[in-house]
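Here is the file coords04.tsv (TSV, C-alpha atoms (C1' of nucleotides) and all ligand atoms).
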```tsv
chain	number	residue	atom	x	y	z
A	1	MET	CA	4.59	63.73	5.80
A	2	LYS	CA	1.90	61.48	7.15
A	3	ARG	CA	-1.52	61.45	5.64
A	4	ASN	CA	-4.52	62.33	7.69
A	5	SER	CA	-5.77	58.78	7.77
A	6	ASP	CA	-2.39	57.59	9.06
A	7	LEU	CA	-2.66	59.92	11.98
A	8	GLN	CA	-6.18	58.84	12.65
A	9	ALA	CA	-5.22	55.18	12.54
A	10	HIS	CA	-2.36	55.87	14.92
A	11	ARG	CA	-4.70	57.62	17.30
A	12	MET	CA	-7.19	54.78	17.21
A	13	LEU	CA	-4.51	52.22	17.97
A	14	LYS	CA	-2.94	54.29	20.74
A	15	ALA	CA	-6.33	54.80	22.35
A	16	ALA	CA	-6.89	51.06	22.23
A	17	LYS	CA	-3.41	50.34	23.61
A	18	LEU	CA	-2.37	48.31	20.62
A	19	TYR	CA	1.05	48.35	18.97
A	20	CYS	CA	1.06	50.67	15.96
A	21	THR	CA	2.19	48.24	13.29
A	22	LYS	CA	2.27	48.60	9.53
A	23	VAL	CA	-0.37	45.97	9.02
A	24	ARG	CA	-2.80	47.42	11.53
A	25	ILE	CA	-2.47	50.88	10.08
A	26	ALA	CA	-2.82	49.64	6.53
A	27	ILE	CA	-5.93	47.66	7.37
A	28	LEU	CA	-7.53	50.50	9.29
A	29	LYS	CA	-6.89	52.78	6.33
A	30	VAL	CA	-8.47	50.31	3.95
A	31	LEU	CA	-11.52	50.08	6.19
A	32	MET	CA	-11.73	53.87	6.52
A	33	LYS	CA	-11.80	54.23	2.77
A	34	THR	CA	-14.57	51.77	2.01
A	35	ASP	CA	-18.29	52.20	2.46
A	36	LYS	CA	-19.07	48.54	2.89
A	37	PRO	CA	-17.70	45.57	4.80
A	38	LEU	CA	-14.77	43.71	3.26
A	39	SER	CA	-13.54	40.15	3.38
A	40	GLN	CA	-9.97	39.12	4.19
A	41	GLU	CA	-9.34	38.66	0.49
A	42	GLN	CA	-10.68	42.11	-0.39
A	43	ILE	CA	-8.64	43.71	2.36
A	44	ALA	CA	-5.51	41.95	1.11
A	45	GLN	CA	-6.12	43.22	-2.41
A	46	ARG	CA	-6.54	46.79	-1.26
A	47	SER	CA	-3.74	47.05	1.24
A	48	GLY	CA	-0.85	47.84	-1.09
A	49	LYS	CA	1.44	46.09	-3.52
A	50	LYS	CA	3.20	43.99	-0.91
A	51	ARG	CA	0.33	41.73	0.04
A	52	PHE	CA	0.24	40.83	3.69
A	53	ASP	CA	-0.11	37.20	4.60
A	54	LYS	CA	-3.69	36.12	5.15
A	55	VAL	CA	-2.87	34.75	8.59
A	56	THR	CA	-1.58	38.16	9.56
A	57	ILE	CA	-4.69	39.82	8.26
A	58	TYR	CA	-6.96	37.48	10.17
A	59	ARG	CA	-4.96	37.97	13.34
A	60	THR	CA	-4.90	41.72	12.88
A	61	LEU	CA	-8.66	41.79	12.43
A	62	GLU	CA	-8.99	39.64	15.52
A	63	SER	CA	-7.02	42.18	17.57
A	64	LEU	CA	-9.09	45.05	16.21
A	65	LEU	CA	-12.27	43.14	16.96
A	66	LYS	CA	-11.21	42.52	20.53
A	67	VAL	CA	-10.79	46.21	21.28
A	68	GLY	CA	-14.00	47.07	19.44
A	69	LEU	CA	-12.52	49.07	16.57
A	70	VAL	CA	-13.89	46.62	14.03
A	71	HIS	CA	-16.99	44.46	13.72
A	72	LYS	CA	-17.81	41.29	11.87
A	73	ALA	CA	-20.68	42.55	9.76
A	74	PHE	CA	-21.92	39.45	7.95
A	75	ILE	CA	-20.89	36.32	6.17
A	76	GLU	CA	-21.19	36.07	2.41
A	77	LYS	CA	-20.06	33.14	0.28
A	78	ARG	CA	-18.67	31.61	3.46
A	79	ALA	CA	-16.41	34.60	4.09
A	80	TRP	CA	-16.77	37.03	6.97
A	81	HIS	CA	-16.90	40.70	6.04
A	82	PHE	CA	-15.43	43.28	8.41
A	83	GLU	CA	-16.00	46.99	8.89
A	84	LEU	CA	-15.10	49.80	11.24
A	85	ALA	CA	-17.40	50.00	14.22
A	86	HIS	CA	-17.92	53.76	13.92
A	87	ASN	CA	-21.45	53.58	12.51
A	88	CYS	CA	-22.70	51.39	15.32
A	89	THR	CA	-24.10	51.93	18.78
A	90	GLU	CA	-23.37	49.80	21.80
A	91	SER	CA	-26.49	47.76	21.26
A	92	GLN	CA	-26.74	47.51	17.51
A	93	CYS	CA	-24.95	48.03	14.24
A	94	HIS	CA	-26.75	49.47	11.24
A	95	PRO	CA	-28.58	46.93	9.07
A	96	HIS	CA	-26.93	45.36	6.03
A	97	PHE	CA	-28.96	45.03	2.90
A	98	THR	CA	-28.32	42.50	0.16
A	99	CYS	CA	-30.02	42.73	-3.23
A	100	THR	CA	-31.55	39.42	-4.25
A	101	ASN	CA	-31.18	40.37	-7.88
A	102	CYS	CA	-27.61	41.63	-8.29
A	103	GLY	CA	-26.14	40.37	-5.03
A	104	SER	CA	-24.69	43.71	-3.97
A	105	THR	CA	-24.62	44.57	-0.29
A	106	HIS	CA	-25.07	48.00	1.27
A	107	CYS	CA	-24.80	49.53	4.73
A	108	LEU	CA	-28.06	51.26	5.57
A	109	ILE	CA	-26.76	53.53	8.27
A	110	GLU	CA	-29.90	55.67	8.24
A	111	ILE	CA	-32.14	52.85	9.42
A	112	SER	CA	-32.45	51.70	12.98
A	113	LEU	CA	-34.98	49.35	14.48
A	114	PRO	CA	-36.23	49.47	18.07
A	115	MET	CA	-34.44	46.95	20.26
A	116	ALA	CA	-36.20	43.61	20.63
A	117	LYS	CA	-37.91	43.18	23.98
A	118	SER	CA	-37.46	39.82	25.57
A	119	PRO	CA	-40.87	38.53	26.62
A	120	HIS	CA	-40.48	37.63	30.29
A	121	LYS	CA	-38.43	34.54	29.65
A	122	GLY	CA	-35.26	35.50	31.43
A	123	PHE	CA	-33.34	36.35	28.28
A	124	VAL	CA	-31.27	39.51	28.64
A	125	ILE	CA	-30.65	41.06	25.25
A	126	HIS	CA	-27.46	43.06	24.83
A	127	ARG	CA	-27.08	43.48	21.11
A	128	GLN	CA	-29.10	42.96	17.98
A	129	GLN	CA	-28.15	42.67	14.37
A	130	VAL	CA	-30.40	43.09	11.35
A	131	ARG	CA	-29.98	41.70	7.86
A	132	LEU	CA	-32.22	42.93	5.06
A	133	GLU	CA	-33.01	41.49	1.68
A	134	GLY	CA	-34.76	42.98	-1.30
A	135	LEU	CA	-34.06	45.04	-4.40
A	136	CYS	CA	-31.43	47.75	-4.58
A	137	PRO	CA	-32.06	51.06	-6.40
A	138	ALA	CA	-30.28	49.76	-9.49
A	139	CYS	CA	-32.51	46.70	-9.68
A	140	VAL	CA	-35.94	48.01	-8.72
B	1	MET	CA	-48.10	1.56	10.58
B	2	LYS	CA	-46.76	4.95	9.75
B	3	ARG	CA	-46.10	7.46	12.43
B	4	ASN	CA	-47.86	10.78	12.43
B	5	SER	CA	-44.72	12.67	11.52
B	6	ASP	CA	-44.16	10.39	8.53
B	7	LEU	CA	-47.56	11.25	7.20
B	8	GLN	CA	-46.97	14.91	7.75
B	9	ALA	CA	-43.61	14.77	5.99
B	10	HIS	CA	-45.24	12.96	3.08
B	11	ARG	CA	-47.91	15.61	2.89
B	12	MET	CA	-45.37	18.41	2.92
B	13	LEU	CA	-43.36	16.82	0.13
B	14	LYS	CA	-46.40	16.03	-1.98
B	15	ALA	CA	-47.63	19.59	-1.62
B	16	ALA	CA	-44.25	20.84	-2.72
B	17	LYS	CA	-44.18	18.40	-5.65
B	18	LEU	CA	-41.00	16.72	-4.47
B	19	TYR	CA	-40.25	13.00	-4.61
B	20	CYS	CA	-40.99	11.35	-1.27
B	21	THR	CA	-37.63	9.82	-0.56
B	22	LYS	CA	-36.27	8.21	2.59
B	23	VAL	CA	-33.73	10.95	3.13
B	24	ARG	CA	-36.18	13.80	2.71
B	25	ILE	CA	-38.63	12.23	5.09
B	26	ALA	CA	-35.95	11.44	7.65
B	27	ILE	CA	-34.60	14.99	7.54
B	28	LEU	CA	-38.03	16.56	7.79
B	29	LYS	CA	-38.75	14.38	10.80
B	30	VAL	CA	-35.50	15.39	12.46
B	31	LEU	CA	-36.33	19.04	11.90
B	32	MET	CA	-39.88	18.58	13.21
B	33	LYS	CA	-38.56	17.10	16.42
B	34	THR	CA	-36.05	19.83	17.28
B	35	ASP	CA	-36.69	23.24	18.73
B	36	LYS	CA	-33.60	24.88	17.28
B	37	PRO	CA	-31.79	25.00	13.96
B	38	LEU	CA	-29.40	22.15	13.18
B	39	SER	CA	-26.24	21.84	11.16
B	40	GLN	CA	-25.61	19.16	8.54
B	41	GLU	CA	-23.56	17.26	11.07
B	42	GLN	CA	-26.26	17.40	13.73
B	43	ILE	CA	-28.89	16.29	11.24
B	44	ALA	CA	-26.69	13.37	10.20
B	45	GLN	CA	-26.28	12.28	13.80
B	46	ARG	CA	-30.01	12.37	14.45
B	47	SER	CA	-31.31	10.75	11.31
B	48	GLY	CA	-30.92	7.10	12.25
B	49	LYS	CA	-28.22	4.48	12.53
B	50	LYS	CA	-27.48	4.32	8.84
B	51	ARG	CA	-25.92	7.76	8.42
B	52	PHE	CA	-26.73	9.42	5.16
B	53	ASP	CA	-23.89	10.86	3.14
B	54	LYS	CA	-23.24	14.52	3.84
B	55	VAL	CA	-23.52	15.40	0.16
B	56	THR	CA	-26.97	13.88	0.15
B	57	ILE	CA	-27.96	15.83	3.22
B	58	TYR	CA	-26.75	19.10	1.74
B	59	ARG	CA	-28.56	18.42	-1.52
B	60	THR	CA	-31.71	17.41	0.30
B	61	LEU	CA	-31.64	20.60	2.35
B	62	GLU	CA	-31.09	22.54	-0.85
B	63	SER	CA	-34.22	21.01	-2.38
B	64	LEU	CA	-36.24	21.77	0.75
B	65	LEU	CA	-34.92	25.32	0.78
B	66	LYS	CA	-35.91	25.83	-2.82
B	67	VAL	CA	-39.55	24.99	-2.15
B	68	GLY	CA	-39.56	27.01	1.06
B	69	LEU	CA	-40.07	24.16	3.54
B	70	VAL	CA	-36.76	24.92	5.22
B	71	HIS	CA	-34.74	28.04	6.00
B	72	LYS	CA	-31.10	28.72	6.62
B	73	ALA	CA	-31.33	30.23	10.07
B	74	PHE	CA	-27.77	31.26	10.86
B	75	ILE	CA	-24.14	30.30	10.63
B	76	GLU	CA	-22.26	29.17	13.69
B	77	LYS	CA	-18.69	27.91	13.78
B	78	ARG	CA	-18.67	28.17	10.00
B	79	ALA	CA	-21.64	25.80	9.68
B	80	TRP	CA	-25.08	26.76	8.44
B	81	HIS	CA	-27.96	25.75	10.69
B	82	PHE	CA	-31.29	24.82	9.15
B	83	GLU	CA	-34.85	24.75	10.46
B	84	LEU	CA	-38.39	24.26	9.27
B	85	ALA	CA	-39.93	27.43	7.94
B	86	HIS	CA	-43.15	27.02	9.89
B	87	ASN	CA	-42.44	29.68	12.52
B	88	CYS	CA	-41.75	32.35	9.95
B	89	THR	CA	-43.80	34.83	8.00
B	90	GLU	CA	-43.23	35.81	4.41
B	91	SER	CA	-41.20	38.84	5.43
B	92	GLN	CA	-39.32	37.65	8.46
B	93	CYS	CA	-38.32	34.66	10.52
B	94	HIS	CA	-38.28	34.79	14.30
B	95	PRO	CA	-35.08	36.12	15.85
B	96	HIS	CA	-32.30	33.81	16.95
B	97	PHE	CA	-30.65	34.47	20.25
B	98	THR	CA	-27.14	33.37	21.19
B	99	CYS	CA	-25.87	33.52	24.74
B	100	THR	CA	-22.48	35.20	24.94
B	101	ASN	CA	-21.68	33.24	28.07
B	102	CYS	CA	-22.57	29.63	27.32
B	103	GLY	CA	-22.87	29.84	23.54
B	104	SER	CA	-26.31	28.26	23.36
B	105	THR	CA	-28.72	29.44	20.69
B	106	HIS	CA	-32.49	29.72	21.00
B	107	CYS	CA	-35.41	30.50	18.70
B	108	LEU	CA	-37.38	33.39	20.15
B	109	ILE	CA	-40.61	32.79	18.29
B	110	GLU	CA	-42.56	35.16	20.53
B	111	ILE	CA	-40.61	38.21	19.48
B	112	SER	CA	-41.17	40.13	16.29
B	113	LEU	CA	-39.78	43.49	15.29
B	114	PRO	CA	-41.51	45.97	13.02
B	115	MET	CA	-40.20	45.77	9.47
B	116	ALA	CA	-37.42	48.20	8.64
B	117	LYS	CA	-38.55	51.15	6.55
B	118	SER	CA	-36.24	52.09	3.76
B	119	PRO	CA	-35.59	55.84	3.93
B	120	HIS	CA	-36.41	57.14	0.46
B	121	LYS	CA	-33.33	55.69	-1.17
B	122	GLY	CA	-34.92	53.32	-3.62
B	123	PHE	CA	-34.26	50.20	-1.62
B	124	VAL	CA	-37.21	47.83	-1.59
B	125	ILE	CA	-37.07	45.61	1.47
B	126	HIS	CA	-38.63	42.16	1.14
B	127	ARG	CA	-37.32	40.25	4.13
B	128	GLN	CA	-35.52	40.95	7.35
B	129	GLN	CA	-33.63	38.74	9.73
B	130	VAL	CA	-32.70	39.48	13.33
B	131	ARG	CA	-29.89	38.03	15.40
B	132	LEU	CA	-29.78	38.68	19.13
B	133	GLU	CA	-27.00	38.37	21.64
B	134	GLY	CA	-27.02	38.46	25.41
B	135	LEU	CA	-27.48	36.19	28.41
B	136	CYS	CA	-29.77	33.19	28.44
B	137	PRO	CA	-31.92	32.33	31.48
B	138	ALA	CA	-29.35	29.81	32.68
B	139	CYS	CA	-26.56	32.39	32.60
B	140	VAL	CA	-28.23	35.56	33.87
C	1	DA	C1'	-46.33	-6.50	-11.84
C	2	DA	C1'	-42.98	-5.06	-15.29
C	3	DT	C1'	-41.02	-1.21	-17.76
C	4	DA	C1'	-39.38	3.33	-18.95
C	5	DT	C1'	-38.20	7.96	-17.44
C	6	DA	C1'	-36.91	11.34	-14.22
C	7	DT	C1'	-34.82	12.16	-10.01
C	8	DT	C1'	-32.04	11.19	-6.16
C	9	DT	C1'	-28.22	9.01	-3.78
C	10	DG	C1'	-23.35	7.77	-2.44
C	11	DC	C1'	-18.61	7.92	-3.26
C	12	DA	C1'	-14.15	9.99	-4.14
C	13	DA	C1'	-11.93	13.94	-5.04
C	14	DC	C1'	-11.83	18.71	-4.66
C	15	DT	C1'	-12.21	23.79	-3.03
C	16	DT	C1'	-11.43	27.29	0.11
C	17	DA	C1'	-12.07	30.21	4.50
C	18	DG	C1'	-10.02	30.16	8.43
C	19	DT	C1'	-6.56	28.14	12.11
C	20	DT	C1'	-2.21	26.43	14.43
C	21	DG	C1'	2.71	26.13	15.68
C	22	DC	C1'	6.93	28.14	15.43
C	23	DA	C1'	10.92	30.80	14.24
C	24	DA	C1'	12.13	35.40	12.57
C	25	DT	C1'	11.05	40.24	12.82
C	26	DT	C1'	9.22	44.45	14.67
C	27	DT	C1'	7.53	47.56	18.29
C	28	DT	C1'	7.97	49.72	22.61
C	29	DG	C1'	9.94	51.48	26.85
C	30	DT	C1'	14.26	52.07	29.23
D	1	DA	C1'	21.27	50.65	21.70
D	2	DC	C1'	19.05	46.88	24.43
D	3	DA	C1'	15.77	43.70	26.31
D	4	DA	C1'	11.10	42.26	26.81
D	5	DA	C1'	6.75	41.83	24.69
D	6	DA	C1'	4.07	41.52	20.75
D	7	DT	C1'	3.50	40.79	15.89
D	8	DT	C1'	4.50	38.73	11.43
D	9	DG	C1'	5.13	35.15	7.70
D	10	DC	C1'	5.45	30.55	6.32
D	11	DA	C1'	4.04	25.76	5.85
D	12	DA	C1'	0.93	22.62	7.13
D	13	DC	C1'	-3.53	21.73	8.66
D	14	DT	C1'	-8.91	21.62	9.49
D	15	DA	C1'	-13.38	21.22	8.13
D	16	DA	C1'	-17.75	22.97	5.70
D	17	DG	C1'	-19.46	22.69	1.61
D	18	DT	C1'	-19.21	21.44	-3.65
D	19	DT	C1'	-18.67	18.77	-8.13
D	20	DG	C1'	-18.88	14.88	-11.41
D	21	DC	C1'	-20.51	10.59	-12.25
D	22	DA	C1'	-22.26	5.94	-11.96
D	23	DA	C1'	-25.59	3.22	-9.26
D	24	DA	C1'	-29.99	3.15	-6.95
D	25	DT	C1'	-34.74	4.66	-6.18
D	26	DA	C1'	-39.32	7.05	-7.06
D	27	DT	C1'	-42.99	7.78	-10.06
D	28	DA	C1'	-45.97	7.24	-14.03
D	29	DT	C1'	-47.41	4.15	-17.77
D	30	DT	C1'	-48.55	-0.04	-19.74
A	201	ZN	ZN	-29.40	45.00	-7.13
A	202	ZN	ZN	-22.06	48.32	7.51
A	203	ZN	ZN	-26.10	30.97	28.51
A	204	ZN	ZN	-35.48	29.40	14.77
```
Rendering of file as structure tokens:
Amino acid sequence: MKRNSDLQAHRMLKAAKLYCTKVRIAILKVLMKTDKPLSQEQIAQRSGKKRFDKVTIYRTLESLLKVGLVHKAFIEKRAWHFELAHNCTESQCHPHFTCTNCGSTHCLIEISLPMAKSPHKGFVIHRQQVRLEGLCPACV
Amino acid sequence: MKRNSDLQAHRMLKAAKLYCTKVRIAILKVLMKTDKPLSQEQIAQRSGKKRFDKVTIYRTLESLLKVGLVHKAFIEKRAWHFELAHNCTESQCHPHFTCTNCGSTHCLIEISLPMAKSPHKGFVIHRQQVRLEGLCPACV
DNA sequence: AATATATTTGCAACTTAGTTGCAATTTTGT
DNA sequence: ACAAAATTGCAACTAAGTTGCAAATATATT
């Protein structure tokens, strides 16, 4: 009696040719359920009563990063925050917005900026990443 | 027989109503001389034979940040990199470009993207920050 | 120049995100 | 069920950045 998200996680891992392990499935499910990037610590807290070791979580995220299922979204308080890559294109993720008043961070998946154009200097731009700062609806 | 950069550092500090201390002047001079953001460690190495304590450097950068003379540009290998704020506007700094091949990072002060427009959600955007990734001239 | 006050500096100790090595366990294909 | 390949958990480690506090320095006042 597998849940929908289990199946989906399995499919994602199979497609990426990764072993379907408990940790990977648990972490994918956590990331499917959230609407904003999570740190290792937050993922650990949300991935069931039996907490996985942090080394395992970091290594799991690393494997998911390598196959492109997950992205490092941003760093906050010295901790990387991770999210599924499904709201991103090849050349850019959606912007992340942090409120300077309350500190909350949001994914603004509706916004997309034109890609930067390198001005004749020989730089070839493959990806761009945008961070925004300002006031969130609750703090305006 | 003060050097030009000393005078300029003094002027910047006076204008910001900060004490003109040896460390502040030394760090401002280091940042004036470089063309890319530096970490605490790199600043320490470049600020003269008598290395300043890292706590002092962090606190000095903090004071310069607070008055807006310096910005945190990006994090790399878990270390923040700092630069003078003089190539930035109120609402955005220039983009920083990192080469995925050789790992070098460059300030692309010629590029500027239009500001993101918040889509009717109540988010008020004050600043934006762009990170770029691709191949540098040496690696194309 | 000497003094008083406010600020900054350096040191030692600490915090914590993330990493490394290795043995034990789990996944997968046969 | 078995063997090979990959993953997991643990303990110990690394290193960026922080905290508390006493000593040193910058500035303003006499
Ligand atoms: Zn807010
Ligand atoms: Zn996001
Ligand atoms: Zn390069
Ligand atoms: Zn720059």
Could you tell me which residues of chain B sit within 7 Å of chain D when counting only C-alpha atoms (C1' of nucleotides), and give me the result as a ChimeraX atom specification? /B:19,78-79
Give me the residues of chain A that have any atom at most 10 Å from an atom of chain B; for each, the nearest atom pair and the distance in Å, rounded to one decimal. Use all atoms listed in the file, sort by chain and number, and format it as a Markdown table.
```
| residue | atom | partner | partner_atom | distance |
| --- | --- | --- | --- | --- |
| A:Phe74 | CA | B:Ile75 | CA | 9.8 |
| A:Ile75 | CA | B:Ile75 | CA | 8.2 |
| A:Arg78 | CA | B:Arg78 | CA | 7.4 |
| A:Ala79 | CA | B:Arg78 | CA | 9.0 |
| A:Trp80 | CA | B:Arg78 | CA | 9.6 |
| A:Ser91 | CA | B:Glu133 | CA | 9.4 |
| A:Gln92 | CA | B:Leu132 | CA | 9.5 |
| A:Pro95 | CA | B:Ala116 | CA | 8.9 |
| A:His96 | CA | B:Gln128 | CA | 9.7 |
| A:Phe97 | CA | B:Ile125 | CA | 8.3 |
| A:Thr98 | CA | B:Ile125 | CA | 9.4 |
| A:Cys99 | CA | B:Phe123 | CA | 8.7 |
| A:Thr100 | CA | B:His126 | CA | 9.3 |
| A:His106 | CA | B:Phe123 | CA | 9.9 |
| A:Leu108 | CA | B:Ser118 | CA | 8.4 |
| A:Glu110 | CA | B:Pro119 | CA | 7.1 |
| A:Ile111 | CA | B:Ser118 | CA | 7.0 |
| A:Ser112 | CA | B:Ala116 | CA | 7.5 |
| A:Leu113 | CA | B:Ala116 | CA | 6.4 |
| A:Pro114 | CA | B:Leu113 | CA | 7.5 |
| A:Met115 | CA | B:Leu113 | CA | 8.1 |
| A:Ala116 | CA | B:Leu113 | CA | 6.4 |
| A:Lys117 | CA | B:Ile111 | CA | 7.2 |
| A:Ser118 | CA | B:Ile111 | CA | 7.0 |
| A:Pro119 | CA | B:Ile111 | CA | 7.2 |
| A:Lys121 | CA | B:Pro137 | CA | 7.1 |
| A:Gly122 | CA | B:Pro137 | CA | 4.6 |
| A:Phe123 | CA | B:Cys136 | CA | 4.8 |
| A:Val124 | CA | B:Leu135 | CA | 5.0 |
| A:Ile125 | CA | B:Gly134 | CA | 4.5 |
| A:His126 | CA | B:Gly134 | CA | 4.7 |
| A:Arg127 | CA | B:Glu133 | CA | 5.1 |
| A:Gln128 | CA | B:Leu132 | CA | 4.5 |
| A:Gln129 | CA | B:Arg131 | CA | 5.1 |
| A:Val130 | CA | B:Val130 | CA | 4.7 |
| A:Arg131 | CA | B:Gln129 | CA | 5.1 |
| A:Leu132 | CA | B:Gln128 | CA | 4.5 |
| A:Glu133 | CA | B:Arg127 | CA | 5.1 |
| A:Gly134 | CA | B:Ile125 | CA | 4.5 |
| A:Leu135 | CA | B:Val124 | CA | 5.1 |
| A:Cys136 | CA | B:Phe123 | CA | 4.8 |
| A:Pro137 | CA | B:Gly122 | CA | 4.6 |
| A:Ala138 | CA | B:Gly122 | CA | 8.3 |
| A:Cys139 | CA | B:Phe123 | CA | 9.0 |
| A:Val140 | CA | B:Val124 | CA | 7.2 |
```
Selection from above, C-alpha atoms, as a PDB file, in the frame of the given file, can you write it?
```pdb
ATOM      1  CA  PHE A  74     -21.920  39.450   7.950  1.00  0.00           C
ATOM      2  CA  ILE A  75     -20.890  36.320   6.170  1.00  0.00           C
ATOM      3  CA  ARG A  78     -18.670  31.610   3.460  1.00  0.00           C
ATOM      4  CA  ALA A  79     -16.410  34.600   4.090  1.00  0.00           C
ATOM      5  CA  TRP A  80     -16.770  37.030   6.970  1.00  0.00           C
ATOM      6  CA  SER A  91     -26.490  47.760  21.260  1.00  0.00           C
ATOM      7  CA  GLN A  92     -26.740  47.510  17.510  1.00  0.00           C
ATOM      8  CA  PRO A  95     -28.580  46.930   9.070  1.00  0.00           C
ATOM      9  CA  HIS A  96     -26.930  45.360   6.030  1.00  0.00           C
ATOM     10  CA  PHE A  97     -28.960  45.030   2.900  1.00  0.00           C
ATOM     11  CA  THR A  98     -28.320  42.500   0.160  1.00  0.00           C
ATOM     12  CA  CYS A  99     -30.020  42.730  -3.230  1.00  0.00           C
ATOM     13  CA  THR A 100     -31.550  39.420  -4.250  1.00  0.00           C
ATOM     14  CA  HIS A 106     -25.070  48.000   1.270  1.00  0.00           C
ATOM     15  CA  LEU A 108     -28.060  51.260   5.570  1.00  0.00           C
ATOM     16  CA  GLU A 110     -29.900  55.670   8.240  1.00  0.00           C
ATOM     17  CA  ILE A 111     -32.140  52.850   9.420  1.00  0.00           C
ATOM     18  CA  SER A 112     -32.450  51.700  12.980  1.00  0.00           C
ATOM     19  CA  LEU A 113     -34.980  49.350  14.480  1.00  0.00           C
ATOM     20  CA  PRO A 114     -36.230  49.470  18.070  1.00  0.00           C
ATOM     21  CA  MET A 115     -34.440  46.950  20.260  1.00  0.00           C
ATOM     22  CA  ALA A 116     -36.200  43.610  20.630  1.00  0.00           C
ATOM     23  CA  LYS A 117     -37.910  43.180  23.980  1.00  0.00           C
ATOM     24  CA  SER A 118     -37.460  39.820  25.570  1.00  0.00           C
ATOM     25  CA  PRO A 119     -40.870  38.530  26.620  1.00  0.00           C
ATOM     26  CA  LYS A 121     -38.430  34.540  29.650  1.00  0.00           C
ATOM     27  CA  GLY A 122     -35.260  35.500  31.430  1.00  0.00           C
ATOM     28  CA  PHE A 123     -33.340  36.350  28.280  1.00  0.00           C
ATOM     29  CA  VAL A 124     -31.270  39.510  28.640  1.00  0.00           C
ATOM     30  CA  ILE A 125     -30.650  41.060  25.250  1.00  0.00           C
ATOM     31  CA  HIS A 126     -27.460  43.060  24.830  1.00  0.00           C
ATOM     32  CA  ARG A 127     -27.080  43.480  21.110  1.00  0.00           C
ATOM     33  CA  GLN A 128     -29.100  42.960  17.980  1.00  0.00           C
ATOM     34  CA  GLN A 129     -28.150  42.670  14.370  1.00  0.00           C
ATOM     35  CA  VAL A 130     -30.400  43.090  11.350  1.00  0.00           C
ATOM     36  CA  ARG A 131     -29.980  41.700   7.860  1.00  0.00           C
ATOM     37  CA  LEU A 132     -32.220  42.930   5.060  1.00  0.00           C
ATOM     38  CA  GLU A 133     -33.010  41.490   1.680  1.00  0.00           C
ATOM     39  CA  GLY A 134     -34.760  42.980  -1.300  1.00  0.00           C
ATOM     40  CA  LEU A 135     -34.060  45.040  -4.400  1.00  0.00           C
ATOM     41  CA  CYS A 136     -31.430  47.750  -4.580  1.00  0.00           C
ATOM     42  CA  PRO A 137     -32.060  51.060  -6.400  1.00  0.00           C
ATOM     43  CA  ALA A 138     -30.280  49.760  -9.490  1.00  0.00           C
ATOM     44  CA  CYS A 139     -32.510  46.700  -9.680  1.00  0.00           C
ATOM     45  CA  VAL A 140     -35.940  48.010  -8.720  1.00  0.00           C
TER      46      VAL A 140
END
```
Chain C residues near chain A (12 Å cut-off, only C-alpha atoms (C1' of nucleotides)) as an MDAnalysis selection string: chainID C and resid 16:20 25:28
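Atom to atom, atom CA of B:Ala85 and atom CA of A:Asn101 stand 22.2 Å apart.
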Taking all atoms listed in the file and a cut-off of 8 Å, can you tell me which residues surround ligand ZN 202 (chain A), written as a ChimeraX atom specification? /A:35-37,73,83,87,93-96,106-109
Can you work out the spacing between atom CA of A:Lys50 and atom CA of A:Leu84 in Å, to one decimal? 22.7 Å
Do you have the atom CA of A:Asn4-atom C1' of C:DG29 distance handy? 26.3 Å
Output as AutoDock Vina command-line options the centre and edge lengths (Å, one decimal) of the box along x, y and z of the file that holds every listed atom of stretch 86-95 of chain B after adding 3 Å on each side.
```
--center_x -39.4 --center_y 32.9 --center_z 10.1 --size_x 14.7 --size_y 17.8 --size_z 17.4
```
Expected answer as a ChimeraX atom specification: all residues with atoms within 9 Å of (-42.5, 27.1, 2.1), only C-alpha atoms (C1' of nucleotides): /B:16,64-71,84-86
Store the residues picked out above, limited to C-alpha atoms, as an mmCIF file, in the frame of the given file.
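Generated output (result-v5.cif):
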```
data_model
loop_
_atom_site.group_PDB
_atom_site.id
_atom_site.type_symbol
_atom_site.label_atom_id
_atom_site.label_comp_id
_atom_site.auth_asym_id
_atom_site.auth_seq_id
_atom_site.Cartn_x
_atom_site.Cartn_y
_atom_site.Cartn_z
ATOM 1 C CA ALA B 16 -44.250 20.840 -2.720
ATOM 2 C CA LEU B 64 -36.240 21.770 0.750
ATOM 3 C CA LEU B 65 -34.920 25.320 0.780
ATOM 4 C CA LYS B 66 -35.910 25.830 -2.820
ATOM 5 C CA VAL B 67 -39.550 24.990 -2.150
ATOM 6 C CA GLY B 68 -39.560 27.010 1.060
ATOM 7 C CA LEU B 69 -40.070 24.160 3.540
ATOM 8 C CA VAL B 70 -36.760 24.920 5.220
ATOM 9 C CA HIS B 71 -34.740 28.040 6.000
ATOM 10 C CA LEU B 84 -38.390 24.260 9.270
ATOM 11 C CA ALA B 85 -39.930 27.430 7.940
ATOM 12 C CA HIS B 86 -43.150 27.020 9.890
#
```
